[in-house]
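Asker: Below is one structure. I have some questions about it.
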Amino acid sequence: MIKVNASHVLRDIDISSYKEEVNKAHRLIKERNGPGGDYLGWAHYPETYDKEEFERIIEAAKEIRENYEVLLVCGIGGSYLGARAAIEALNGLHGHDKIEIIYFGQTLSPNYVKQVLDYLENKTFAINVISKSGTTTETAVAFRLARDLLVRKIGKEAAAKAIFATTDKEKGALLQLCKKYGYRRYVLPSDIGGRYSVYTAVGLLPMAVAGIDIRAFMNGAKKGLELYGKPENNPAYEYALIRHELYKNGKYPVEMLVTYEPGLVQLGEWWKQLFGESEGKDHTGLLPDSATFTTDLHSLGQFIQEGSPVLFETILQIDNPAVDVIVPHDEDDLDGLNYLEGKGLDYVGKKACEGTVAAHVETGKVPNVLLSLDKLDAEGLGELMYFFMRACAMSCYLNDVNPFNQPGVEVYKKNMFRLLGKPGYTK
Ligand code: PA5
């Protein structure tokens with residue numbers, strides 16, 4: 001279970017005084033009759049997911065791992081952030097896996113796109129194109145380029161076998177391509193939006209290809225549903241209430257998610273999309289930011305400690321790391337580090353965290369919410385992601401906004417289409 005510690009938030013929060021509001025919001029989630037209620041498919045997905053498709057995902061992942069050097073994951077926003085967050089969190093940044101995962105379709109940068117295409121010239125690769133709408137420009141353009149390269153390298157028939165598409169079951173441009181060329185197809189259910197889709201094929205196929213135990217991940221999700229899907233004694237709702245209180249009554253407009261793991265940078269990106277796109281509407285909502293300590297203490301630390309008092313921190317701690325590294329003895333001790341000899345880096349990092357919380361809270365007067373996860377493994381991560389999704393839905397309903405739409409994102413997409421002269425968008 002994720003532990004929530006509110007003893008450093010610099011105010012007394014009476015969680016029980018929110019009982020009625022929480023019950024009301026909980027009912028909206030449960031009965032799916034609040035704003036965006038049609039997009040609550042994720043809430044019970046850890047139990048209701050398509051078991052037959054799940055097995056197909058495992059088979060496809062095996063085939064991809066056996067036959068290709070690279071999997072190109074082609075998607076943007078909710079159609080790639082969850083998978084990337086999970087893969088980097090669990091496999092780290094410098095793993096030795098036999099297959100390399102490359103993210104594509106999340107940028108229009110010609111530099112990045114050209115570099116990836118050049119790199120793929122001498123590699124065998126499969127593509128997992130992920131797009132619910134099938135019309136997202138970044139992804140669609142990247143997919144066209146990657147598909148052309150694949151066809152040029154191995155021919156139309158083999159290319160069709162190397163393309164795996166995740167999209168809506170019934171509509172969209174990508175679905176038409178799948179039907180025409182016979183790509184293997186996986187579903188992003190119509191009642192689940194991109195940023196809540198990590199338990200669907202959107203997240204699971206790339207994760208399985210990266211060698212992650214997706215059964216354990218889904219077990220964690222199920223555990224998450226049990227622990228954080230209930231109205232009372234629910235740490236996810238407790239976290240939602242603390243951040244709500246700090247926003248509404250503390251008047252802090254920014255929440256900074258802090259981790260101590262470089263492998264969790266992308267989890268921060270996923271979390272920012274989840275909360276930012278869900279909460280940021282009707283000119284309300286916390287701005288989600290993220291940082292990795294101790295790295296960013298050497299860049300943002302000064303601002304957090306003594307700059308404008310705009311933010312509170314949410315510190316995600318991992319109680320038991322999978323590995324540790326011991327500081328060795330040195331005969332000369334010219335670097336003066338022998339006092340740490342025999343100590344693990346985890347111990348040193350935890351002391352850094354303790355000292356930083358004290359500095360930011362006691363001296364800097366920056367509220368800190370502490371979240372702790374026992375272990376960062378596939379099961380733990382599956383549970384953690386559910387915790388955040390449930391907390392996010394609760395936060396939005398407490399703020400009276402629809403957690404599941406993103407009308408603001410559509411504005412930029414439409415403007416871009418108009419400026420590019422896309423048929424149907426010229427006025
Ligand atoms: O959360 C969202 O809805 C967005 O971030 C989308 O996932 C993103 O825009 C990609 O959309 P699509 O899957 O239709 O290509």
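Lettering and numbering for the structure tokens are positional, with chains as A, B, ... in the shown order, residues counted from 1 in each chain, and ligands counted from 1 in the shown order.
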Taking a cut-off of 6 Å and counting only C-alpha atoms and all ligand atoms, can you build a table that, for each residue of chain A near ligand 1, reports the nearest atom pair and how far apart they are in Å (one decimal), sorted by chain then residue number, as JSON lines?
Answerer:
```
{"residue": "A:Ile76", "atom": "CA", "partner": "ligand 1", "partner_atom_place_in_ligand_line": "10 (C)", "distance": 5.0}
{"residue": "A:Gly77", "atom": "CA", "partner": "ligand 1", "partner_atom_place_in_ligand_line": "5 (O)", "distance": 3.7}
{"residue": "A:Gly78", "atom": "CA", "partner": "ligand 1", "partner_atom_place_in_ligand_line": "7 (O)", "distance": 3.4}
{"residue": "A:Ser79", "atom": "CA", "partner": "ligand 1", "partner_atom_place_in_ligand_line": "7 (O)", "distance": 4.6}
{"residue": "A:Ser131", "atom": "CA", "partner": "ligand 1", "partner_atom_place_in_ligand_line": "13 (O)", "distance": 3.4}
{"residue": "A:Lys132", "atom": "CA", "partner": "ligand 1", "partner_atom_place_in_ligand_line": "13 (O)", "distance": 3.8}
{"residue": "A:Ser133", "atom": "CA", "partner": "ligand 1", "partner_atom_place_in_ligand_line": "14 (O)", "distance": 3.6}
{"residue": "A:Gly134", "atom": "CA", "partner": "ligand 1", "partner_atom_place_in_ligand_line": "15 (O)", "distance": 5.5}
{"residue": "A:Thr136", "atom": "CA", "partner": "ligand 1", "partner_atom_place_in_ligand_line": "15 (O)", "distance": 4.5}
{"residue": "A:Gly193", "atom": "CA", "partner": "ligand 1", "partner_atom_place_in_ligand_line": "3 (O)", "distance": 5.3}
{"residue": "A:Gly194", "atom": "CA", "partner": "ligand 1", "partner_atom_place_in_ligand_line": "7 (O)", "distance": 3.8}
{"residue": "A:Arg195", "atom": "CA", "partner": "ligand 1", "partner_atom_place_in_ligand_line": "1 (O)", "distance": 4.1}
```
Asker: How close does segment 353-377 of chain A get to segment 234-240 of chain A? List, as CSV, each residue of segment 353-377 of chain A within 12 Å, its nearest atom pair and the distance in Å to one decimal, counting only C-alpha atoms.
Answerer:
```
residue,atom,partner,partner_atom,distance
A:Asn368,CA,A:Tyr239,CA,11.6
A:Val369,CA,A:Tyr239,CA,8.1
A:Leu370,CA,A:Tyr239,CA,9.3
A:Leu371,CA,A:Tyr239,CA,8.5
A:Ser372,CA,A:Pro235,CA,10.9
A:Leu373,CA,A:Pro235,CA,11.9
```
Asker: Residues near Pro231 of chain A, anyone? I mean within 8 Å using only C-alpha atoms, not counting same-chain ones fewer than 2 positions away, as a ChimeraX atom specification.
Answerer: /A:22-23,26,229,233-234
Asker: Could you pull the residues within 9 Å of segment 89-100 of chain A, counting only C-alpha atoms, minus those fewer than 5 positions along the same chain, as a list in words?
Answerer: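 So, after excluding close chain neighbours, the residues are Ile64, Arg65, Glu66, Tyr68, Glu69, Val70, Leu71, Leu72, Arg84, Val209, Ala210, Gly211, Ile212, Glu261, Pro262, Gly263, Leu264, Val265, Gln266, Leu267, Leu376, Asp377, Ala378 and Leu381 of chain A.
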Asker: Enumerate the residues of segment 65-278 of chain A with a DSSP assignment of strand (DSSP E), computed from the backbone, and present them as a PyMOL selection string.
Answerer: chain A and resi 70-74+100-104+125-130+163-167+184-187+254-259
Asker: Could you write those residues out with N, CA, C and O atoms, as a short mmCIF file (atom, residue, chain, number, x, y, z; two decimals), in the first residue's frame?
Answerer:
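Wrote result25.cif, looks like this:
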```cif
data_model
loop_
_atom_site.label_atom_id
_atom_site.label_comp_id
_atom_site.auth_asym_id
_atom_site.auth_seq_id
_atom_site.Cartn_x
_atom_site.Cartn_y
_atom_site.Cartn_z
N VAL A 70 14.98 -3.72 -32.84
CA VAL A 70 14.40 -2.49 -32.30
C VAL A 70 12.88 -2.55 -32.39
O VAL A 70 12.33 -3.07 -33.37
N LEU A 71 12.20 -2.04 -31.36
CA LEU A 71 10.77 -1.75 -31.50
C LEU A 71 10.61 -0.24 -31.52
O LEU A 71 11.06 0.46 -30.61
N LEU A 72 9.99 0.23 -32.59
CA LEU A 72 9.72 1.66 -32.72
C LEU A 72 8.32 1.92 -32.18
O LEU A 72 7.33 1.44 -32.75
N VAL A 73 8.23 2.63 -31.07
CA VAL A 73 6.91 2.93 -30.49
C VAL A 73 6.49 4.30 -31.01
O VAL A 73 7.11 5.32 -30.71
N CYS A 74 5.46 4.28 -31.81
CA CYS A 74 5.04 5.50 -32.52
C CYS A 74 3.76 6.04 -31.88
O CYS A 74 2.67 5.52 -32.12
N GLU A 100 15.90 -3.02 -28.33
CA GLU A 100 15.95 -1.60 -27.97
C GLU A 100 14.58 -0.98 -28.28
O GLU A 100 13.98 -1.28 -29.31
N ILE A 101 14.11 -0.13 -27.38
CA ILE A 101 12.84 0.56 -27.63
C ILE A 101 13.17 2.00 -28.02
O ILE A 101 13.88 2.69 -27.29
N ILE A 102 12.64 2.42 -29.16
CA ILE A 102 12.86 3.81 -29.57
C ILE A 102 11.50 4.50 -29.70
O ILE A 102 10.56 3.93 -30.29
N TYR A 103 11.40 5.69 -29.13
CA TYR A 103 10.13 6.42 -29.15
C TYR A 103 10.14 7.38 -30.34
O TYR A 103 11.09 8.12 -30.55
N PHE A 104 9.06 7.34 -31.08
CA PHE A 104 8.97 8.07 -32.33
C PHE A 104 7.53 8.59 -32.40
O PHE A 104 6.65 8.07 -31.74
N PHE A 125 13.72 -3.86 -37.52
CA PHE A 125 12.81 -3.23 -36.56
C PHE A 125 11.34 -3.54 -36.85
O PHE A 125 10.95 -3.79 -37.99
N ALA A 126 10.57 -3.53 -35.76
CA ALA A 126 9.11 -3.62 -35.85
C ALA A 126 8.55 -2.29 -35.38
O ALA A 126 9.25 -1.51 -34.73
N ILE A 127 7.29 -2.05 -35.74
CA ILE A 127 6.65 -0.78 -35.33
C ILE A 127 5.40 -1.10 -34.51
O ILE A 127 4.59 -1.94 -34.90
N ASN A 128 5.26 -0.41 -33.39
CA ASN A 128 3.97 -0.41 -32.70
C ASN A 128 3.42 1.00 -32.81
O ASN A 128 3.90 1.90 -32.12
N VAL A 129 2.48 1.19 -33.74
CA VAL A 129 1.89 2.52 -33.90
C VAL A 129 0.66 2.59 -33.00
O VAL A 129 -0.18 1.69 -33.00
N ILE A 130 0.59 3.66 -32.22
CA ILE A 130 -0.48 3.78 -31.22
C ILE A 130 -1.17 5.13 -31.39
O ILE A 130 -0.55 6.19 -31.21
N ILE A 163 4.29 -4.71 -38.42
CA ILE A 163 3.57 -3.54 -37.90
C ILE A 163 2.43 -4.00 -36.99
O ILE A 163 1.60 -4.83 -37.38
N PHE A 164 2.41 -3.44 -35.80
CA PHE A 164 1.41 -3.77 -34.77
C PHE A 164 0.73 -2.45 -34.41
O PHE A 164 1.41 -1.50 -34.03
N ALA A 165 -0.59 -2.41 -34.54
CA ALA A 165 -1.28 -1.14 -34.35
C ALA A 165 -2.22 -1.20 -33.15
O ALA A 165 -2.92 -2.20 -32.95
N THR A 166 -2.22 -0.14 -32.37
CA THR A 166 -3.16 -0.03 -31.24
C THR A 166 -4.03 1.18 -31.50
O THR A 166 -3.51 2.31 -31.62
N THR A 167 -5.33 0.95 -31.61
CA THR A 167 -6.23 2.05 -31.97
C THR A 167 -7.65 1.74 -31.53
O THR A 167 -7.91 0.72 -30.89
N ARG A 184 -1.51 -6.39 -37.47
CA ARG A 184 -2.12 -6.92 -36.26
C ARG A 184 -2.63 -5.76 -35.41
O ARG A 184 -1.98 -4.73 -35.30
N ARG A 185 -3.78 -5.98 -34.80
CA ARG A 185 -4.52 -4.87 -34.22
C ARG A 185 -4.84 -5.11 -32.75
O ARG A 185 -5.24 -6.21 -32.37
N TYR A 186 -4.68 -4.08 -31.94
CA TYR A 186 -5.00 -4.12 -30.50
C TYR A 186 -5.87 -2.91 -30.20
O TYR A 186 -5.80 -1.90 -30.92
N VAL A 187 -6.65 -3.03 -29.14
CA VAL A 187 -7.70 -2.02 -28.95
C VAL A 187 -7.43 -1.08 -27.80
O VAL A 187 -7.03 -1.49 -26.70
N VAL A 254 1.25 25.50 -7.64
CA VAL A 254 2.12 24.51 -8.30
C VAL A 254 2.40 23.33 -7.38
O VAL A 254 2.70 23.51 -6.19
N GLU A 255 2.32 22.12 -7.95
CA GLU A 255 2.74 20.92 -7.23
C GLU A 255 3.95 20.34 -7.96
O GLU A 255 3.89 20.10 -9.17
N MET A 256 5.02 20.13 -7.22
CA MET A 256 6.22 19.55 -7.85
C MET A 256 6.37 18.11 -7.37
O MET A 256 6.54 17.87 -6.17
N LEU A 257 6.31 17.17 -8.31
CA LEU A 257 6.52 15.76 -7.94
C LEU A 257 8.03 15.51 -7.94
O LEU A 257 8.70 15.72 -8.96
N VAL A 258 8.54 15.06 -6.81
CA VAL A 258 9.98 14.85 -6.68
C VAL A 258 10.26 13.37 -6.52
O VAL A 258 9.63 12.69 -5.71
N THR A 259 11.20 12.86 -7.32
CA THR A 259 11.68 11.49 -7.10
C THR A 259 13.21 11.57 -6.95
O THR A 259 13.82 12.59 -7.26
#
```
Asker: Mind the document's chain letters and residue numbers, and return as JSON, numbers by chain the residues of segment 166-382 of chain A that DSSP labels helix (DSSP H, G or I).
Answerer: {"A": [173, 174, 175, 176, 177, 178, 179, 180, 181, 194, 195, 196, 201, 202, 203, 204, 205, 206, 207, 208, 209, 214, 215, 216, 217, 218, 219, 220, 221, 222, 223, 224, 225, 226, 227, 228, 235, 236, 237, 238, 239, 240, 241, 242, 243, 244, 245, 246, 247, 248, 262, 263, 264, 265, 266, 267, 268, 269, 270, 271, 272, 273, 274, 275, 276, 277, 278, 279, 295, 296, 297, 298, 301, 302, 303, 304, 305, 306, 338, 339, 340, 345, 346, 347, 348, 349, 350, 351, 352, 353, 354, 355, 356, 357, 358, 359, 360, 361, 362, 363, 378, 379, 380, 381, 382]}
Asker: For Tyr45 of chain A, which of A:Phe404, A:Tyr386, A:Tyr119, A:Tyr347 is the closest residue, counting only C-alpha atoms?
Answerer: A:Tyr386
Asker: Leaving out segment 326-328 of chain A and any residue of its chain fewer than 5 positions from it, which residues lie within 10 Å of it when counting only C-alpha atoms, given as a PDB file with all heavy atoms, in the first residue's frame?
Answerer:
```pdb
ATOM      1  N   LEU A 337      36.243  10.557   1.880  1.00  0.00           N
ATOM      2  CA  LEU A 337      34.960   9.830   1.874  1.00  0.00           C
ATOM      3  C   LEU A 337      34.957   8.554   2.710  1.00  0.00           C
ATOM      4  O   LEU A 337      33.953   7.849   2.748  1.00  0.00           O
ATOM      5  CB  LEU A 337      34.576   9.478   0.423  1.00  0.00           C
ATOM      6  CG  LEU A 337      34.042  10.625  -0.430  1.00  0.00           C
ATOM      7  CD1 LEU A 337      33.800  10.151  -1.862  1.00  0.00           C
ATOM      8  CD2 LEU A 337      32.741  11.165   0.165  1.00  0.00           C
ATOM      9  N   ASN A 338      36.052   8.278   3.391  1.00  0.00           N
ATOM     10  CA  ASN A 338      36.083   7.020   4.155  1.00  0.00           C
ATOM     11  C   ASN A 338      35.032   6.971   5.265  1.00  0.00           C
ATOM     12  O   ASN A 338      34.677   5.902   5.733  1.00  0.00           O
ATOM     13  CB  ASN A 338      37.480   6.750   4.727  1.00  0.00           C
ATOM     14  CG  ASN A 338      38.359   6.047   3.691  1.00  0.00           C
ATOM     15  OD1 ASN A 338      37.892   5.737   2.599  1.00  0.00           O
ATOM     16  ND2 ASN A 338      39.620   5.819   4.016  1.00  0.00           N
ATOM     17  N   TYR A 339      34.530   8.132   5.645  1.00  0.00           N
ATOM     18  CA  TYR A 339      33.472   8.103   6.673  1.00  0.00           C
ATOM     19  C   TYR A 339      32.191   7.439   6.145  1.00  0.00           C
ATOM     20  O   TYR A 339      31.324   7.038   6.911  1.00  0.00           O
ATOM     21  CB  TYR A 339      33.197   9.520   7.207  1.00  0.00           C
ATOM     22  CG  TYR A 339      32.316  10.388   6.341  1.00  0.00           C
ATOM     23  CD1 TYR A 339      30.978  10.629   6.683  1.00  0.00           C
ATOM     24  CD2 TYR A 339      32.804  10.960   5.166  1.00  0.00           C
ATOM     25  CE1 TYR A 339      30.167  11.428   5.893  1.00  0.00           C
ATOM     26  CE2 TYR A 339      31.996  11.755   4.379  1.00  0.00           C
ATOM     27  CZ  TYR A 339      30.686  11.982   4.738  1.00  0.00           C
ATOM     28  OH  TYR A 339      29.881  12.754   3.950  1.00  0.00           O
ATOM     29  N   LEU A 340      32.122   7.323   4.807  1.00  0.00           N
ATOM     30  CA  LEU A 340      30.954   6.648   4.212  1.00  0.00           C
ATOM     31  C   LEU A 340      31.260   5.210   3.815  1.00  0.00           C
ATOM     32  O   LEU A 340      30.394   4.513   3.274  1.00  0.00           O
ATOM     33  CB  LEU A 340      30.474   7.424   2.968  1.00  0.00           C
ATOM     34  CG  LEU A 340      29.857   8.795   3.210  1.00  0.00           C
ATOM     35  CD1 LEU A 340      29.478   9.440   1.879  1.00  0.00           C
ATOM     36  CD2 LEU A 340      28.609   8.671   4.101  1.00  0.00           C
ATOM     37  N   GLU A 341      32.488   4.795   4.034  1.00  0.00           N
ATOM     38  CA  GLU A 341      32.918   3.448   3.633  1.00  0.00           C
ATOM     39  C   GLU A 341      31.938   2.384   4.162  1.00  0.00           C
ATOM     40  O   GLU A 341      31.547   2.418   5.335  1.00  0.00           O
ATOM     41  CB  GLU A 341      34.308   3.202   4.226  1.00  0.00           C
ATOM     42  CG  GLU A 341      34.861   1.853   3.900  1.00  0.00           C
ATOM     43  CD  GLU A 341      36.117   1.552   4.738  1.00  0.00           C
ATOM     44  OE1 GLU A 341      36.800   2.517   5.155  1.00  0.00           O
ATOM     45  OE2 GLU A 341      36.381   0.377   4.977  1.00  0.00           O
ATOM     46  N   GLY A 342      31.575   1.479   3.259  1.00  0.00           N
ATOM     47  CA  GLY A 342      30.681   0.388   3.666  1.00  0.00           C
ATOM     48  C   GLY A 342      29.203   0.769   3.667  1.00  0.00           C
ATOM     49  O   GLY A 342      28.333  -0.073   3.848  1.00  0.00           O
ATOM     50  N   LYS A 343      28.917   2.036   3.461  1.00  0.00           N
ATOM     51  CA  LYS A 343      27.510   2.471   3.445  1.00  0.00           C
ATOM     52  C   LYS A 343      26.956   2.323   2.017  1.00  0.00           C
ATOM     53  O   LYS A 343      27.664   2.525   1.031  1.00  0.00           O
ATOM     54  CB  LYS A 343      27.400   3.949   3.842  1.00  0.00           C
ATOM     55  CG  LYS A 343      27.880   4.247   5.262  1.00  0.00           C
ATOM     56  CD  LYS A 343      26.704   4.124   6.215  1.00  0.00           C
ATOM     57  CE  LYS A 343      26.961   4.641   7.611  1.00  0.00           C
ATOM     58  NZ  LYS A 343      28.138   4.177   8.292  1.00  0.00           N
ATOM     59  N   GLY A 344      25.676   2.030   1.934  1.00  0.00           N
ATOM     60  CA  GLY A 344      25.046   1.923   0.617  1.00  0.00           C
ATOM     61  C   GLY A 344      24.626   3.298   0.110  1.00  0.00           C
ATOM     62  O   GLY A 344      24.333   4.206   0.907  1.00  0.00           O
ATOM     63  N   LEU A 345      24.591   3.436  -1.237  1.00  0.00           N
ATOM     64  CA  LEU A 345      24.123   4.720  -1.798  1.00  0.00           C
ATOM     65  C   LEU A 345      22.665   4.979  -1.419  1.00  0.00           C
ATOM     66  O   LEU A 345      22.239   6.127  -1.319  1.00  0.00           O
ATOM     67  CB  LEU A 345      24.274   4.728  -3.320  1.00  0.00           C
ATOM     68  CG  LEU A 345      25.695   4.872  -3.853  1.00  0.00           C
ATOM     69  CD1 LEU A 345      25.677   5.049  -5.372  1.00  0.00           C
ATOM     70  CD2 LEU A 345      26.409   6.070  -3.222  1.00  0.00           C
ATOM     71  N   ASP A 346      21.902   3.896  -1.216  1.00  0.00           N
ATOM     72  CA  ASP A 346      20.510   4.084  -0.811  1.00  0.00           C
ATOM     73  C   ASP A 346      20.455   4.804   0.539  1.00  0.00           C
ATOM     74  O   ASP A 346      19.662   5.734   0.728  1.00  0.00           O
ATOM     75  CB  ASP A 346      19.802   2.724  -0.728  1.00  0.00           C
ATOM     76  CG  ASP A 346      18.339   2.887  -0.356  1.00  0.00           C
ATOM     77  OD1 ASP A 346      17.638   3.627  -1.080  1.00  0.00           O
ATOM     78  OD2 ASP A 346      17.898   2.318   0.655  1.00  0.00           O
ATOM     79  N   TYR A 347      21.330   4.397   1.449  1.00  0.00           N
ATOM     80  CA  TYR A 347      21.385   5.039   2.778  1.00  0.00           C
ATOM     81  C   TYR A 347      21.772   6.515   2.612  1.00  0.00           C
ATOM     82  O   TYR A 347      21.142   7.408   3.199  1.00  0.00           O
ATOM     83  CB  TYR A 347      22.406   4.290   3.643  1.00  0.00           C
ATOM     84  CG  TYR A 347      22.797   5.017   4.902  1.00  0.00           C
ATOM     85  CD1 TYR A 347      22.004   4.932   6.055  1.00  0.00           C
ATOM     86  CD2 TYR A 347      23.962   5.790   4.943  1.00  0.00           C
ATOM     87  CE1 TYR A 347      22.359   5.616   7.213  1.00  0.00           C
ATOM     88  CE2 TYR A 347      24.322   6.472   6.102  1.00  0.00           C
ATOM     89  CZ  TYR A 347      23.523   6.384   7.226  1.00  0.00           C
ATOM     90  OH  TYR A 347      23.865   7.062   8.365  1.00  0.00           O
ATOM     91  N   VAL A 348      22.783   6.764   1.786  1.00  0.00           N
ATOM     92  CA  VAL A 348      23.246   8.147   1.595  1.00  0.00           C
ATOM     93  C   VAL A 348      22.119   8.993   0.995  1.00  0.00           C
ATOM     94  O   VAL A 348      21.827  10.101   1.446  1.00  0.00           O
ATOM     95  CB  VAL A 348      24.505   8.186   0.679  1.00  0.00           C
ATOM     96  CG1 VAL A 348      24.987   9.623   0.467  1.00  0.00           C
ATOM     97  CG2 VAL A 348      25.635   7.333   1.277  1.00  0.00           C
TER      98      VAL A 348
END
```
Asker: Between A:Leu287, A:Leu297, A:Cys396, A:Val357, single out the one closest to Gln273 of chain A, counting only C-alpha atoms.
Answerer: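 Once distances to Gln273 of chain A are computed over only C-alpha atoms, the minimum belongs to A:Leu287.
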Asker: For Tyr228 of chain A, please output as a PyMOL selection string all residues within 12 Å (counting only C-alpha atoms; exclusion window: fewer than 2 positions along the same chain).
Answerer: chain A and resi 1-3+26+29+43-44+220-226+230-240+383-394
Asker: Counting only C-alpha atoms, which residue out of A:Val198, A:Ala61, A:Ala85, A:Ala140 sits closest to Tyr49 of chain A?
Answerer: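 Counting only C-alpha atoms, the residue closest to Tyr49 of chain A is A:Val198.
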Asker: As an exercise, work out the distance from atom CA of Ala142 of chain A to atom CA of Tyr425 of chain A in Å and give it to one decimal place.
Answerer: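 Between these atoms lies a distance of 21.3 Å.
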Asker: Could you tell me how far atom CA of Lys161 of chain A sits from atom CA of Lys179 of chain A, in Å to one decimal place?
Answerer: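 Distance reported for this atom pair: 13.1 Å.
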Asker: When distances are computed from only C-alpha atoms, which of A:Asp400, A:Glu379, A:Asp213, A:Asp296 shows the smallest separation from Gly280 of chain A?
Answerer: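 Of the candidates, the smallest distance to Gly280 of chain A is held by A:Asp400.
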